[in-house]
Amino acid sequence: MDKRFDVIIIGSGAGGGTLVRQLAPSGKNILILERGDWLKREVQNWDATAVFVQNRYVSPDTWYDRDGIPFQPQVHYFVGGATKMFGAALYRLRQRDFGELRHYDGISPAWPIAYDELEPYYTRAEQMYHVHGLRGHDPTEPPASGPYPCEPVSNEPRIQRLFDDLTAAGYHPFPAPCAVMMDEQNMAYSTCIRCQTCDGFPCLVHAKSDAEIVAVRPALEFPNVTLLRNAKAVKLETNTEGTAVTEVVAEVGGERETFRGDIVVVSCGAANTAKLLLMSANDKHPNGLANGSDQVGRNYMFHNSQAVLAISHEPNPTIFQKTLSLNDFYFGMDGFEYPMGNIQMIGKSLGPMYRGEQPLATALLPTGLLGDLAHHAVDFWLSTEDLPDPENRVTVDRSGNLTLSYTPNNQVPKQKLYDKLKSMLHHLGMHPEHLIPRNIYMKTDIPIAGCAHQAGTCRFGADVKTSVLDPNCKAHELDNLYVVDTSFFVSIGAVNPSLTAIANAIRVGDHLLQRLG
Ligand SMILES: Cc1cc2nc3c(=O)[nH]c(=O)nc-3n(C[C@H](O)[C@H](O)[C@H](O)COP(=O)(O)OP(=O)(O)OC[C@H]3O[C@@H](n4cnc5c(N)ncnc54)[C@H](O)[C@@H]3O)c2cc1C
Ligand code: SF4
């Protein structure tokens with residue numbers, strides 16, 4: 001193989017996968033290095049026990065918390081990255097999320113670009129990922145230059161009633177933006193079969209708009225794009241001046257290989273991108289590559305998330321539940337002037353999922369009630385913004401062991417959002433005393449292991465002293481090094497992060513196309 005490329009992209013998830021799709025038609029010689037393999041299509045893809053209890057698709061990494069306690073992070077090393085498992089809820093950040101926003105616990109800082117600058121890329125991202133949705137119903141919705149490319153996914157009867165009850169109570173539920181290849185007008189020909197194992201599962205029939213399906217595979221149809229699987233980047237080498245990356249060192253099938261690229265893009269996910277940069281320290285960059293600001297690894301965020309199930313006497317036979325969302329409290333409510341966050345549905349819980357969850361499982365397993373509980377559960381996902389804190393950070397030791405130090409913040413609005421939902425249940429035919437917290441996606445007692453929404457660690461900005469990347473996501477200190485995963489986030493907002501990473505990757509792709517000429 002010719003080991004010199006115009007562009008090397010490390011990581012094929014939401015950021016890297018989208019970028020390669022964007023660059024592929026240019027004819028430039030592009031290499032994707034992906035440490036994972038294809039996610040195997042097998043019956044276990046849709047088996048709740050295999051996925052949620054046995055963690056079949058969680059990679060066997062060990063990270064450490066600030067006290068040195070080891071844990072298995074919820075990371076997914078596959079072509080397509082974490083999007084292989086994602087719930088495909090693709091939201092735009094709100095317009096105000098791009099400005100400085102006062103929260104209960106402090107300031108969520110402004111981004112170096114305004115919403116308007118990203119808006120055209122959000123529209124292109126929604127098109128590329130086949131997002132279903134409906135504008136005009138979400139009171140916090142940012143302006144959009146066009147409609148969603150696909151009709152909203154319909155609510156099943158139980159969720160439609162919840163939608164109607166919420167509306168009757170004066171709230172403003174709206175159809176959740178959903179990236180699945182579903183054609184409800186012609187289900188006989190629809191790629192998506194509308195199944196109950198979507199959110200948190202890989203899609204056996206390749207109908208989820210994940211980065212492998214909508215970005216990497218189409219990019220590979222271009223002869224100038226090469227994907228190397230099971231290829232883990234371990235170090236970036238620079239020229240003697242330290243001004244450009246010259247080589248990517250990778251372990252490919254156990255062997256060390258080097259690759260030269262005119263442009264090198266890191267997109268390993270927020271924690272692993274920071275790790276790679278920190279591990280690439282050299283004489284010119286003694287604290288890690290691009291880390292003259294000492295910001296690499298800092299300001300790690302992952303949302304204050306809560307999964308809760310509400311029990312109702314009435315059964316909930318919903319198959320595809322993630323169709324309703326509520327942003328009425330995103331920026332606060334009467335009596336609480338600070339942002340609280342988003343409420344959305346999560347994939348319908350299934351009995352076997354609870355087996356991996358303590359203390360829920362211990363309480364219910366002997367009674368044989370797990371399946372019964374699932375049948376009566378309506379499942380919600382609450383997200384509140386966690387604020388960037390320089391002490392919430394990724395560090396690595398000489399052997400490459402990753403430590404994730406994290407102290408939660410902004411907990412009061414998180415609790416307010418939970419209390420608010422609880423108080424609303426009376427009007428929704430559910431019982432407030434039966435709002436049960438779940439640790440789905442978090443599977444261990446160490447909450448930081450639930451790093452599905454990890455972001456920050458290499459934030460972008462105009463000021464070289466306070467940011468790692470410039471507004472084009474190029475490292476301030478290197479001429480040819482870019483980062484396009486969620487590391488660049490300055491703040492995380494309170495909606496799911498992928499669409500913003502995807503839109504930004506398209507934006508950076510346009511910049512690179514110009515640069516490459
Ligand atoms: C269960 C689950 C549900 C989710 N649901 C949603 C949702 O509904 N909506 C939403 O917006 N987001 C959701 N997310 C989050 C979303 O998947 C991530 O925000 C998104 O994938 C992040 O994109 P990324 O490019 O930063 O990283 P990733 O998509 O994780 O991609 C990183 C890639 O880099 C590779 N890699 C890592 N290190 C190296 C290395 N050293 N060398 C080579 N390759 C490397 C990894 O294997 C991976 O393929 C969910 C995540 C999970 C896990
Ligand atoms: S609901 Fe559709 S996209 Fe999701 S896993 Fe099932 S078939 Fe795939």
# chains A, B, ... in the order shown; residues from 1 in each chain; ligands from 1
call {"tool": "closest_atom_pairs", "arguments": {"of": "chain A", "to": "ligand 1", "cutoff": "6 Å", "atoms": "only C-alpha atoms and all ligand atoms", "output": "CSV"}}
result
residue,atom,partner,partner_atom_place_in_ligand_line,distance
A:Ile10,CA,ligand 1,43 (C),5.0
A:Gly11,CA,ligand 1,34 (O),3.3
A:Ser12,CA,ligand 1,49 (O),4.6
A:Gly13,CA,ligand 1,31 (O),3.3
A:Ala14,CA,ligand 1,25 (O),3.9
A:Gly15,CA,ligand 1,25 (O),3.7
A:Gly16,CA,ligand 1,25 (O),5.7
A:Leu33,CA,ligand 1,43 (C),5.2
A:Glu34,CA,ligand 1,44 (N),3.9
A:Arg35,CA,ligand 1,44 (N),4.0
A:Gly36,CA,ligand 1,47 (O),4.9
A:Tyr77,CA,ligand 1,47 (O),3.2
A:Phe78,CA,ligand 1,49 (O),4.9
A:Val79,CA,ligand 1,49 (O),5.2
A:Gly80,CA,ligand 1,49 (O),5.2
A:Gly81,CA,ligand 1,49 (O),3.1
A:Ala82,CA,ligand 1,30 (O),4.1
A:Thr83,CA,ligand 1,17 (O),4.0
A:Met85,CA,ligand 1,1 (C),4.9
A:Phe86,CA,ligand 1,4 (C),3.3
A:Gly87,CA,ligand 1,8 (O),3.3
A:Ala88,CA,ligand 1,8 (O),4.1
A:Ala89,CA,ligand 1,8 (O),3.8
A:Leu90,CA,ligand 1,11 (O),4.9
A:Gly200,CA,ligand 1,1 (C),3.9
A:Ala231,CA,ligand 1,43 (C),5.8
A:Lys232,CA,ligand 1,42 (N),3.6
A:Ala233,CA,ligand 1,42 (N),3.9
A:Val234,CA,ligand 1,41 (N),5.7
A:Ser267,CA,ligand 1,25 (O),5.6
A:Cys268,CA,ligand 1,34 (O),3.3
A:Gly269,CA,ligand 1,27 (O),3.7
A:Ala270,CA,ligand 1,26 (O),5.8
A:Asn272,CA,ligand 1,38 (N),5.2
A:Tyr441,CA,ligand 1,1 (C),5.9
A:Ala452,CA,ligand 1,53 (C),4.1
A:His453,CA,ligand 1,15 (C),4.8
A:Asp485,CA,ligand 1,26 (O),3.6
A:Thr486,CA,ligand 1,26 (O),4.1
A:Asn496,CA,ligand 1,11 (O),3.9
A:Pro497,CA,ligand 1,11 (O),4.3
A:Ser498,CA,ligand 1,11 (O),3.5
A:Leu499,CA,ligand 1,11 (O),5.6
call {"tool": "residues_near_ligand", "arguments": {"ligand": "ligand 2", "cutoff": "10 Å", "atoms": "only C-alpha atoms and all ligand atoms", "output": "ChimeraX atom specification"}}
result
/A:45-46,84-88,178-182,190-210,319-322,347
call {"tool": "residues_around", "arguments": {"residues": "A:Ser399", "least_positions_apart": "4", "cutoff": "12 Å", "atoms": "only C-alpha atoms", "output": "PDB file with N, CA, C and O atoms, in the first residue's frame"}}
result
ATOM      1  N   VAL A 234      -1.636   5.329  17.567  1.00  0.00           N
ATOM      2  CA  VAL A 234      -1.058   5.400  18.915  1.00  0.00           C
ATOM      3  C   VAL A 234      -0.197   6.645  19.119  1.00  0.00           C
ATOM      4  O   VAL A 234       0.064   7.059  20.246  1.00  0.00           O
ATOM      5  N   LYS A 275      -6.512  11.628  24.525  1.00  0.00           N
ATOM      6  CA  LYS A 275      -5.455  10.661  24.859  1.00  0.00           C
ATOM      7  C   LYS A 275      -4.393  10.626  23.763  1.00  0.00           C
ATOM      8  O   LYS A 275      -3.188  10.682  24.052  1.00  0.00           O
ATOM      9  N   LEU A 278      -2.282  13.744  23.882  1.00  0.00           N
ATOM     10  CA  LEU A 278      -1.403  13.754  25.064  1.00  0.00           C
ATOM     11  C   LEU A 278      -0.269  12.737  24.913  1.00  0.00           C
ATOM     12  O   LEU A 278       0.874  12.990  25.311  1.00  0.00           O
ATOM     13  N   MET A 279      -0.580  11.601  24.296  1.00  0.00           N
ATOM     14  CA  MET A 279       0.440  10.567  24.098  1.00  0.00           C
ATOM     15  C   MET A 279       1.451  10.957  23.012  1.00  0.00           C
ATOM     16  O   MET A 279       2.462  10.284  22.838  1.00  0.00           O
ATOM     17  N   THR A 395      -6.649  12.598  31.547  1.00  0.00           N
ATOM     18  CA  THR A 395      -5.186  12.607  31.611  1.00  0.00           C
ATOM     19  C   THR A 395      -4.697  11.192  31.274  1.00  0.00           C
ATOM     20  O   THR A 395      -5.470  10.230  31.369  1.00  0.00           O
ATOM     21  N   THR A 403      -7.125   8.361  32.684  1.00  0.00           N
ATOM     22  CA  THR A 403      -7.895   8.720  33.878  1.00  0.00           C
ATOM     23  C   THR A 403      -8.909   9.786  33.505  1.00  0.00           C
ATOM     24  O   THR A 403      -8.576  10.766  32.833  1.00  0.00           O
TER      25      THR A 403
END
call {"tool": "residues_around", "arguments": {"residues": "A:Phe329", "least_positions_apart": "5", "cutoff": "9 Å", "atoms": "only C-alpha atoms", "output": "ChimeraX atom specification"}}
result
/A:339-343,417,420
call {"tool": "select_by_dssp", "arguments": {"residues": "stretch 106-243 of chain A", "states": "alpha helix (DSSP H)", "output": "MDAnalysis selection string"}}
result
chainID A and resid 115:128 157:168 211 217:220
call {"tool": "residues_around", "arguments": {"residues": "A:Thr384", "least_positions_apart": "6", "cutoff": "9 Å", "atoms": "only C-alpha atoms", "output": "list in words"}}
result
His303, Asn304, Ser305, Gln306, Tyr330, Pro339, Met340, Gly341, Asn342, Asn410, Gln411, Pro413, Lys414, Leu417, Gly493, Ala494 and Val495 of chain A
call {"tool": "closest_residue", "arguments": {"among": "A:Ala244, A:Ala281, A:Ala211, A:Ala501", "to": "A:Asp397", "atoms": "only C-alpha atoms"}}
result
A:Ala281
call {"tool": "closest_residue", "arguments": {"among": "A:Thr323, A:Gln185, A:Asn224, A:Thr258", "to": "A:Leu134", "atoms": "only C-alpha atoms"}}
result
A:Thr323
call {"tool": "residues_around", "arguments": {"residues": "A:Val216", "least_positions_apart": "3", "cutoff": "7 Å", "atoms": "only C-alpha atoms", "output": "JSON, numbers by chain"}}
result
{"A": [17, 20, 21, 211, 212, 213, 219, 220]}
call {"tool": "closest_residue", "arguments": {"among": "A:Asp328, A:Gly450, A:His375, A:Gln295", "to": "A:His476", "atoms": "only C-alpha atoms"}}
result
A:Gln295
call {"tool": "decode", "arguments": {"residues": "stretch 53-70 of chain A", "atoms": "N, CA and C atoms", "output": "mmCIF file, in the first residue's frame"}}
result
data_model
loop_
_atom_site.group_PDB
_atom_site.id
_atom_site.type_symbol
_atom_site.label_atom_id
_atom_site.label_comp_id
_atom_site.auth_asym_id
_atom_site.auth_seq_id
_atom_site.Cartn_x
_atom_site.Cartn_y
_atom_site.Cartn_z
ATOM 1 N N VAL A 53 -27.134 -6.774 29.112
ATOM 2 C CA VAL A 53 -26.651 -7.467 30.307
ATOM 3 C C VAL A 53 -25.213 -7.950 30.092
ATOM 4 N N GLN A 54 -24.978 -8.529 28.909
ATOM 5 C CA GLN A 54 -23.626 -9.065 28.653
ATOM 6 C C GLN A 54 -22.701 -8.025 28.006
ATOM 7 N N ASN A 55 -23.221 -6.850 27.701
ATOM 8 C CA ASN A 55 -22.405 -5.760 27.116
ATOM 9 C C ASN A 55 -21.619 -6.213 25.891
ATOM 10 N N ARG A 56 -22.265 -6.964 25.039
ATOM 11 C CA ARG A 56 -21.588 -7.593 23.898
ATOM 12 C C ARG A 56 -20.857 -6.601 22.995
ATOM 13 N N TYR A 57 -21.387 -5.388 22.891
ATOM 14 C CA TYR A 57 -20.779 -4.437 21.950
ATOM 15 C C TYR A 57 -20.044 -3.285 22.649
ATOM 16 N N VAL A 58 -19.851 -3.433 23.960
ATOM 17 C CA VAL A 58 -19.052 -2.435 24.683
ATOM 18 C C VAL A 58 -17.590 -2.884 24.624
ATOM 19 N N SER A 59 -16.713 -1.982 24.257
ATOM 20 C CA SER A 59 -15.320 -2.372 24.060
ATOM 21 C C SER A 59 -14.625 -2.614 25.394
ATOM 22 N N PRO A 60 -13.690 -3.550 25.425
ATOM 23 C CA PRO A 60 -13.112 -3.960 26.716
ATOM 24 C C PRO A 60 -11.983 -3.045 27.184
ATOM 25 N N ASP A 61 -12.194 -1.761 27.158
ATOM 26 C CA ASP A 61 -11.198 -0.818 27.676
ATOM 27 C C ASP A 61 -11.295 -0.745 29.197
ATOM 28 N N THR A 62 -10.208 -0.355 29.811
ATOM 29 C CA THR A 62 -10.273 -0.001 31.230
ATOM 30 C C THR A 62 -9.795 1.428 31.369
ATOM 31 N N TRP A 63 -10.611 2.261 31.974
ATOM 32 C CA TRP A 63 -10.211 3.615 32.325
ATOM 33 C C TRP A 63 -10.225 3.693 33.857
ATOM 34 N N TYR A 64 -9.753 4.820 34.383
ATOM 35 C CA TYR A 64 -9.678 4.988 35.832
ATOM 36 C C TYR A 64 -10.360 6.289 36.228
ATOM 37 N N ASP A 65 -11.024 6.262 37.377
ATOM 38 C CA ASP A 65 -11.595 7.526 37.845
ATOM 39 C C ASP A 65 -10.531 8.291 38.635
ATOM 40 N N ARG A 66 -10.901 9.441 39.172
ATOM 41 C CA ARG A 66 -9.902 10.300 39.817
ATOM 42 C C ARG A 66 -9.250 9.627 41.026
ATOM 43 N N ASP A 67 -9.927 8.622 41.605
ATOM 44 C CA ASP A 67 -9.351 7.915 42.746
ATOM 45 C C ASP A 67 -8.599 6.657 42.324
ATOM 46 N N GLY A 68 -8.432 6.502 41.019
ATOM 47 C CA GLY A 68 -7.685 5.339 40.536
ATOM 48 C C GLY A 68 -8.524 4.079 40.449
ATOM 49 N N ILE A 69 -9.829 4.217 40.614
ATOM 50 C CA ILE A 69 -10.687 3.026 40.544
ATOM 51 C C ILE A 69 -10.962 2.698 39.072
ATOM 52 N N PRO A 70 -10.657 1.454 38.672
ATOM 53 C CA PRO A 70 -10.848 1.095 37.260
ATOM 54 C C PRO A 70 -12.322 0.906 36.926
#
